Amino acid sequence: MAEAQEPLWDRTRKLIREYWPLGDPVALKDVIGVNLPKGDLGKVRRKIEACLEGKGGEVSARARAAELGEAYLVLNANGRRRFLTLLAEEYDVDPEAVEVAMTALRESDDPQNRQQLSMALRNLLEPPRAKILKQFNGLQGGVKFLVDLRSELMRWAKDNQALQDLDKDVYRLLVSWFDIGFLDLQRITWKSSAELLEKFIQYEAVHEIRSWKDLKNRLEEDRRCYAFFHPSMPNEPLIFVEVALVNGISTDVHELLDEKAPMIDPGKADTAIFYSISNCQDGLAGVSFGNFLIKRVVADLASSLPGLKNFATLSPIPGFTSWLNRQAENIESSDDEEARVSKAAAEVIGTLAEQNNIGDLLNSTAGKSKRAELARRLQQQLLSLCATYLLKAKRGSQVADRVAHFHLTNGALIKQINWAANLSDNGVEQSLGMMVNYLYDLPSIEKQHEAYRSGEISASAAVKKLVR
């Protein structure tokens with residue numbers, strides 16, 4: 001896994017060194033071993049202490065921060081983990097100093113002195129490592145450096161409390177730097193730079209872009225692609241959404257991705273289908289952009305194409321198959337409803353286990369053969385189970401499916417569940433080929449958003465009927 005991350009740092013090194021001219025990186029490797037052995041930890045401490053001391057002017061401060069960043073970049077994965085562990089464990093808040101400051105504040109009766117003590121306490125509550133992180137922000141390319149740093153840090157923090165605390169520090173900074181007011185919405189077209197188009201291919205996480213021809217098809221006139229960018233990362237999309245301009249609500253993703261399908265006049269389309277939303281920066285996990293992106297894109301489309309009457313998605317159901325398997329194992333439930341669901345799930349799982357090509361079976365509902373009859377029975381069972389999953393399965397107060405939660409939070413309605421809508425390997429694995437349309441009815445968005453916050457799931461009568 002660590003080796004798989006190296007290309008990420010190769011890109012960052014290239015960006016950083018364009019702005020951080022610090023000499024030969026090989027020489028730095030000679031100074032600090034790439035694995036950051038114990039004997040070299042003192043060298044890193046001295047670099048950190050120099051940054052914290054802040055001697056000299058702004059130029060000197062930036063040079064020291066750049067030197068520390070370069071020292072981090074020349075390390076391998078193990079070395080970077082040791083570096084971050086050092087930063088997390090030795091440059092946290094000093095609890096004894098905080099306690100002394102709190103005692104002094106409590107005992108002081110002088111308003112002016114209390115104000116000074118309050119300011120001192122606030123400074124003590126900021127861990128020294130946070131000051132180091134902020135210094136990177138002052139370097140051109142430094143924001144991308146921290147975003148990539150966090151993408152690794154999150155993995156390592158799972159079993160280390162000190163690294164979890166460091167991750168929270170980085171996260172808080174990124175949330176403040178990536179406020180929606182700072183972001184720029186741009187449309188990606190076939191005329192965009194080759195570098196940006198390559199990143200579009202790389203970051204697509206829902207429906208893989210198979211070729212340049214496939215990419216061009218997704219950027220034709222009856223298609224739209226929008227992305228958010230940050231001023232400090234002008235060549236790196238943060239999140240993007242792909243939209244198809246069609247007539248009627250689409251129920252099959254293969255039709256949307258068909259390179260041979262005839263192109264329609266965007267001005268005559270009545271529906272915008274959002275069929276892919278991809279986050280591009282792993283290090284920005286937890287920083288929410290998607291809800292703002294959809295609303296901004298809807299506003300742009302409604303303004304430029306007044307013929308559009310419907311705004312909907314054709315979305316994956318990523319948690320359905322794993323939920324179905326769990327239900328099939330829950331055969332001893334004492335709750336009648338849960339027992340009914342478990343029995344139905346077990347029957348479906350047993351039937352599918354006997355099939356060689358599940359995708360082919362799911363696409364065989366037409367005709368009078370035994371295979372078609374089996375497929376139709378599965379269709380009826382699975383549509384009901386899928387509706388139960390979307391409306392009933394919970395993770396705390398939220399619906400269990402993360403995509404459903406995203407759209408319901410944004411004020412969408414579960415419009416319909418579509419059979420055999422995505423028979424790719426991934427589509428069959430995630431949801432046995434089913435996809436769902438979430439409808440964004442503009443006058444109802446706020447009401448449905450508030451309803452979901454109160455625990456109510458907005459869904460069409462057809463979807464609710466499937467549960468019964």
# chains A, B, ... in the order shown; residues from 1 in each chain; ligands from 1
>>> select_by_dssp(residues="stretch 30-98 of chain A", states="helix (DSSP H, G or I)", output="PyMOL selection string")
chain A and resi 30-31+38-53+58-73+77-90+95-98
>>> write_last_selection(atoms="N, CA and C atoms", output="short mmCIF file (atom, residue, chain, number, x, y, z; two decimals), in the first residue's frame")
data_model
loop_
_atom_site.label_atom_id
_atom_site.label_comp_id
_atom_site.auth_asym_id
_atom_site.auth_seq_id
_atom_site.Cartn_x
_atom_site.Cartn_y
_atom_site.Cartn_z
N ASP A 30 21.35 12.31 2.10
CA ASP A 30 22.58 11.96 2.84
C ASP A 30 22.51 12.48 4.27
N VAL A 31 21.82 13.60 4.46
CA VAL A 31 21.72 14.19 5.79
C VAL A 31 20.75 13.41 6.65
N LYS A 38 16.40 6.05 14.00
CA LYS A 38 16.33 6.71 15.30
C LYS A 38 17.43 7.76 15.46
N GLY A 39 18.60 7.47 14.92
CA GLY A 39 19.72 8.41 15.06
C GLY A 39 19.51 9.72 14.33
N ASP A 40 18.57 9.75 13.37
CA ASP A 40 18.31 10.98 12.61
C ASP A 40 17.14 11.79 13.14
N LEU A 41 16.44 11.28 14.14
CA LEU A 41 15.29 12.00 14.68
C LEU A 41 15.71 13.36 15.25
N GLY A 42 16.90 13.42 15.84
CA GLY A 42 17.38 14.68 16.39
C GLY A 42 17.55 15.75 15.33
N LYS A 43 17.94 15.34 14.12
CA LYS A 43 18.10 16.30 13.02
C LYS A 43 16.75 16.90 12.64
N VAL A 44 15.72 16.04 12.64
CA VAL A 44 14.38 16.53 12.32
C VAL A 44 13.89 17.46 13.43
N ARG A 45 14.15 17.09 14.69
CA ARG A 45 13.76 17.97 15.80
C ARG A 45 14.36 19.36 15.65
N ARG A 46 15.62 19.40 15.27
CA ARG A 46 16.29 20.70 15.15
C ARG A 46 15.64 21.54 14.04
N LYS A 47 15.24 20.89 12.97
CA LYS A 47 14.56 21.62 11.89
C LYS A 47 13.20 22.14 12.36
N ILE A 48 12.47 21.32 13.13
CA ILE A 48 11.17 21.75 13.65
C ILE A 48 11.34 22.90 14.64
N GLU A 49 12.33 22.77 15.54
CA GLU A 49 12.58 23.82 16.53
C GLU A 49 12.95 25.13 15.84
N ALA A 50 13.71 25.05 14.77
CA ALA A 50 14.10 26.26 14.05
C ALA A 50 12.87 26.95 13.47
N CYS A 51 11.92 26.15 12.98
CA CYS A 51 10.68 26.73 12.44
C CYS A 51 9.86 27.39 13.55
N LEU A 52 9.83 26.76 14.72
CA LEU A 52 9.04 27.29 15.82
C LEU A 52 9.67 28.54 16.42
N GLU A 53 10.99 28.63 16.41
CA GLU A 53 11.66 29.80 16.97
C GLU A 53 11.37 31.05 16.16
N GLU A 58 10.48 37.19 7.14
CA GLU A 58 9.55 36.31 6.45
C GLU A 58 10.27 35.38 5.48
N VAL A 59 11.26 35.89 4.79
CA VAL A 59 11.99 35.06 3.83
C VAL A 59 12.69 33.91 4.54
N SER A 60 13.31 34.20 5.69
CA SER A 60 13.99 33.16 6.45
C SER A 60 13.00 32.12 6.96
N ALA A 61 11.83 32.57 7.41
CA ALA A 61 10.81 31.65 7.91
C ALA A 61 10.33 30.72 6.82
N ARG A 62 10.13 31.25 5.64
CA ARG A 62 9.68 30.42 4.52
C ARG A 62 10.77 29.42 4.11
N ALA A 63 12.00 29.86 4.15
CA ALA A 63 13.10 28.96 3.79
C ALA A 63 13.19 27.79 4.76
N ARG A 64 13.01 28.07 6.06
CA ARG A 64 13.07 27.00 7.05
C ARG A 64 11.89 26.02 6.88
N ALA A 65 10.70 26.56 6.63
CA ALA A 65 9.54 25.70 6.40
C ALA A 65 9.74 24.85 5.14
N ALA A 66 10.29 25.48 4.09
CA ALA A 66 10.54 24.73 2.87
C ALA A 66 11.57 23.63 3.08
N GLU A 67 12.59 23.91 3.89
CA GLU A 67 13.60 22.90 4.18
C GLU A 67 13.00 21.72 4.94
N LEU A 68 12.13 22.01 5.90
CA LEU A 68 11.47 20.95 6.65
C LEU A 68 10.56 20.13 5.73
N GLY A 69 9.83 20.81 4.85
CA GLY A 69 8.97 20.10 3.90
C GLY A 69 9.76 19.22 2.97
N GLU A 70 10.90 19.71 2.50
CA GLU A 70 11.75 18.91 1.61
C GLU A 70 12.31 17.70 2.34
N ALA A 71 12.67 17.90 3.61
CA ALA A 71 13.16 16.77 4.40
C ALA A 71 12.10 15.67 4.49
N TYR A 72 10.84 16.07 4.62
CA TYR A 72 9.73 15.10 4.67
C TYR A 72 9.58 14.39 3.33
N LEU A 73 9.69 15.15 2.25
CA LEU A 73 9.44 14.57 0.92
C LEU A 73 10.46 13.54 0.51
N ALA A 77 7.91 5.78 2.86
CA ALA A 77 6.67 5.70 3.64
C ALA A 77 6.94 5.49 5.12
N ASN A 78 7.86 4.60 5.46
CA ASN A 78 8.19 4.36 6.87
C ASN A 78 8.78 5.61 7.52
N GLY A 79 9.64 6.28 6.78
CA GLY A 79 10.24 7.50 7.30
C GLY A 79 9.22 8.60 7.52
N ARG A 80 8.26 8.71 6.58
CA ARG A 80 7.22 9.74 6.74
C ARG A 80 6.34 9.44 7.95
N ARG A 81 6.08 8.17 8.17
CA ARG A 81 5.28 7.83 9.35
C ARG A 81 6.02 8.18 10.64
N ARG A 82 7.31 7.90 10.68
CA ARG A 82 8.10 8.24 11.87
C ARG A 82 8.15 9.76 12.06
N PHE A 83 8.28 10.49 10.97
CA PHE A 83 8.29 11.95 11.01
C PHE A 83 6.99 12.46 11.64
N LEU A 84 5.86 11.97 11.15
CA LEU A 84 4.57 12.43 11.65
C LEU A 84 4.32 12.00 13.09
N THR A 85 4.82 10.83 13.44
CA THR A 85 4.68 10.37 14.83
C THR A 85 5.46 11.29 15.77
N LEU A 86 6.67 11.67 15.34
CA LEU A 86 7.46 12.63 16.12
C LEU A 86 6.71 13.94 16.29
N LEU A 87 6.17 14.45 15.20
CA LEU A 87 5.44 15.71 15.24
C LEU A 87 4.21 15.61 16.14
N ALA A 88 3.52 14.47 16.08
CA ALA A 88 2.30 14.28 16.86
C ALA A 88 2.58 14.14 18.35
N GLU A 89 3.61 13.38 18.69
CA GLU A 89 3.85 13.04 20.09
C GLU A 89 4.62 14.12 20.85
N GLU A 90 5.54 14.79 20.20
CA GLU A 90 6.42 15.71 20.91
C GLU A 90 6.04 17.19 20.75
N PRO A 95 0.16 20.08 28.69
CA PRO A 95 -0.93 20.14 29.68
C PRO A 95 -0.53 20.84 30.97
N GLU A 96 0.74 20.72 31.38
CA GLU A 96 1.17 21.38 32.61
C GLU A 96 1.15 22.90 32.45
N ALA A 97 1.63 23.36 31.31
CA ALA A 97 1.62 24.80 31.07
C ALA A 97 0.19 25.34 30.99
N VAL A 98 -0.70 24.56 30.40
CA VAL A 98 -2.11 24.96 30.32
C VAL A 98 -2.72 25.05 31.72
#
>>> residues_around(residues="stretch 424-428 of chain A", least_positions_apart="4", cutoff="8 Å", atoms="only C-alpha atoms", output="MDAnalysis selection string")
chainID A and resid 316 358:359 432:434
>>> write_last_selection(atoms="C-alpha atoms", output="PDB file, in the first residue's frame")
ATOM      1  CA  PRO A 316     -25.111   3.682  -7.517  1.00  0.00           C
ATOM      2  CA  ILE A 358     -25.154 -13.271 -12.460  1.00  0.00           C
ATOM      3  CA  GLY A 359     -25.024 -10.239 -14.757  1.00  0.00           C
ATOM      4  CA  LEU A 432     -26.728  -6.562  -8.332  1.00  0.00           C
ATOM      5  CA  GLY A 433     -27.054  -4.154 -11.241  1.00  0.00           C
ATOM      6  CA  MET A 434     -29.616  -1.811  -9.699  1.00  0.00           C
TER       7      MET A 434
END
>>> residues_around(residues="A:Val463", least_positions_apart="6", cutoff="10 Å", atoms="only C-alpha atoms", output="PyMOL selection string")
chain A and resi 383-384+386-388+390-391+414-417
>>> residues_around(residues="A:Asp165", least_positions_apart="2", cutoff="12 Å", atoms="only C-alpha atoms", output="PyMOL selection string")
chain A and resi 84-85+87-89+91-93+127+129-130+153-154+156-163+167-172
>>> select_by_dssp(residues="stretch 303-350 of chain A", states="strand (DSSP E or B)", output="PyMOL selection string")
chain A and resi 310-313+315
>>> residues_around(residues="A:His407", least_positions_apart="4", cutoff="8 Å", atoms="only C-alpha atoms", output="list in words")
Asn291, Val403, Gly411, Ala412, Leu413 and Tyr438 of chain A
>>> write_last_selection(atoms="C-alpha atoms", output="short mmCIF file (atom, residue, chain, number, x, y, z; two decimals), in the first residue's frame")
data_model
loop_
_atom_site.label_atom_id
_atom_site.label_comp_id
_atom_site.auth_asym_id
_atom_site.auth_seq_id
_atom_site.Cartn_x
_atom_site.Cartn_y
_atom_site.Cartn_z
CA ASN A 291 -23.86 19.48 -1.81
CA VAL A 403 -24.87 7.87 -1.50
CA GLY A 411 -33.01 17.67 -0.14
CA ALA A 412 -33.55 15.06 -2.87
CA LEU A 413 -36.35 12.51 -3.09
CA TYR A 438 -32.81 10.83 -6.76
#
>>> closest_residue(among="A:Glu354, A:Glu329, A:Leu219, A:Met119", to="A:Trp190", atoms="only C-alpha atoms")
A:Leu219
>>> closest_residue(among="A:Leu308, A:Leu238, A:Ala459, A:Ala120", to="A:Gln186", atoms="only C-alpha atoms")
A:Leu238
>>> closest_residue(among="A:Ala227, A:Leu245, A:Ala353, A:Ala328", to="A:Ile277", atoms="only C-alpha atoms")
A:Ala227
>>> closest_residue(among="A:Ala272, A:Ala393, A:Leu362, A:Leu166", to="A:Val467", atoms="only C-alpha atoms")
A:Ala393
>>> closest_residue(among="A:Phe311, A:Trp177, A:Phe229, A:Trp323", to="A:Lys392", atoms="only C-alpha atoms")
A:Trp323
>>> closest_residue(among="A:Leu324, A:Val298, A:Ala462, A:Leu121", to="A:Asp441", atoms="only C-alpha atoms")
A:Val298
>>> atom_distance(atom1="atom CA of A:Gly283", atom2="atom CA of A:Pro318")
21.4 Å
>>> residues_around(residues="A:Ile209", least_positions_apart="3", cutoff="12 Å", atoms="only C-alpha atoms", output="number ranges by chain")
A: 197-206, 212-219, 242, 257-259, 276
>>> residues_around(residues="A:Ala346", least_positions_apart="3", cutoff="10 Å", atoms="only C-alpha atoms", output="mmCIF file with N, CA and C atoms, in the first residue's frame")
data_model
loop_
_atom_site.group_PDB
_atom_site.id
_atom_site.type_symbol
_atom_site.label_atom_id
_atom_site.label_comp_id
_atom_site.auth_asym_id
_atom_site.auth_seq_id
_atom_site.Cartn_x
_atom_site.Cartn_y
_atom_site.Cartn_z
ATOM 1 N N LEU A 324 -27.290 -7.011 2.020
ATOM 2 C CA LEU A 324 -28.076 -8.204 1.696
ATOM 3 C C LEU A 324 -27.424 -9.450 2.289
ATOM 4 N N ASN A 325 -26.116 -9.540 2.172
ATOM 5 C CA ASN A 325 -25.402 -10.697 2.735
ATOM 6 C C ASN A 325 -25.528 -10.746 4.257
ATOM 7 N N ARG A 326 -25.468 -9.588 4.894
ATOM 8 C CA ARG A 326 -25.621 -9.560 6.349
ATOM 9 C C ARG A 326 -27.026 -9.983 6.776
ATOM 10 N N GLN A 327 -28.031 -9.547 6.001
ATOM 11 C CA GLN A 327 -29.407 -9.929 6.334
ATOM 12 C C GLN A 327 -29.622 -11.425 6.184
ATOM 13 N N ALA A 328 -28.988 -12.010 5.191
ATOM 14 C CA ALA A 328 -29.136 -13.448 4.956
ATOM 15 C C ALA A 328 -28.592 -14.269 6.112
ATOM 16 N N GLU A 329 -27.648 -13.687 6.849
ATOM 17 C CA GLU A 329 -27.050 -14.391 7.985
ATOM 18 C C GLU A 329 -27.812 -14.142 9.287
ATOM 19 N N ASN A 330 -28.786 -13.222 9.257
ATOM 20 C CA ASN A 330 -29.512 -12.823 10.468
ATOM 21 C C ASN A 330 -30.794 -13.650 10.628
ATOM 22 N N ILE A 331 -30.658 -14.961 10.534
ATOM 23 C CA ILE A 331 -31.838 -15.832 10.465
ATOM 24 C C ILE A 331 -32.476 -16.074 11.825
ATOM 25 N N ARG A 340 -38.602 -11.685 8.263
ATOM 26 C CA ARG A 340 -39.102 -11.750 6.884
ATOM 27 C C ARG A 340 -38.036 -11.296 5.898
ATOM 28 N N VAL A 341 -37.378 -10.185 6.220
ATOM 29 C CA VAL A 341 -36.325 -9.661 5.348
ATOM 30 C C VAL A 341 -35.170 -10.655 5.260
ATOM 31 N N SER A 342 -34.772 -11.228 6.391
ATOM 32 C CA SER A 342 -33.661 -12.181 6.406
ATOM 33 C C SER A 342 -33.980 -13.416 5.578
ATOM 34 N N LYS A 343 -35.204 -13.900 5.687
ATOM 35 C CA LYS A 343 -35.602 -15.071 4.910
ATOM 36 C C LYS A 343 -35.548 -14.779 3.417
ATOM 37 N N ILE A 349 -29.799 -14.891 -1.972
ATOM 38 C CA ILE A 349 -28.371 -15.226 -1.953
ATOM 39 C C ILE A 349 -28.164 -16.676 -2.357
ATOM 40 N N GLY A 350 -29.037 -17.583 -1.880
ATOM 41 C CA GLY A 350 -28.927 -18.996 -2.246
ATOM 42 C C GLY A 350 -29.132 -19.211 -3.734
ATOM 43 N N THR A 351 -30.100 -18.493 -4.315
ATOM 44 C CA THR A 351 -30.360 -18.616 -5.753
ATOM 45 C C THR A 351 -29.180 -18.111 -6.571
ATOM 46 N N LEU A 352 -28.660 -16.953 -6.178
ATOM 47 C CA LEU A 352 -27.539 -16.367 -6.918
ATOM 48 C C LEU A 352 -26.282 -17.224 -6.820
#
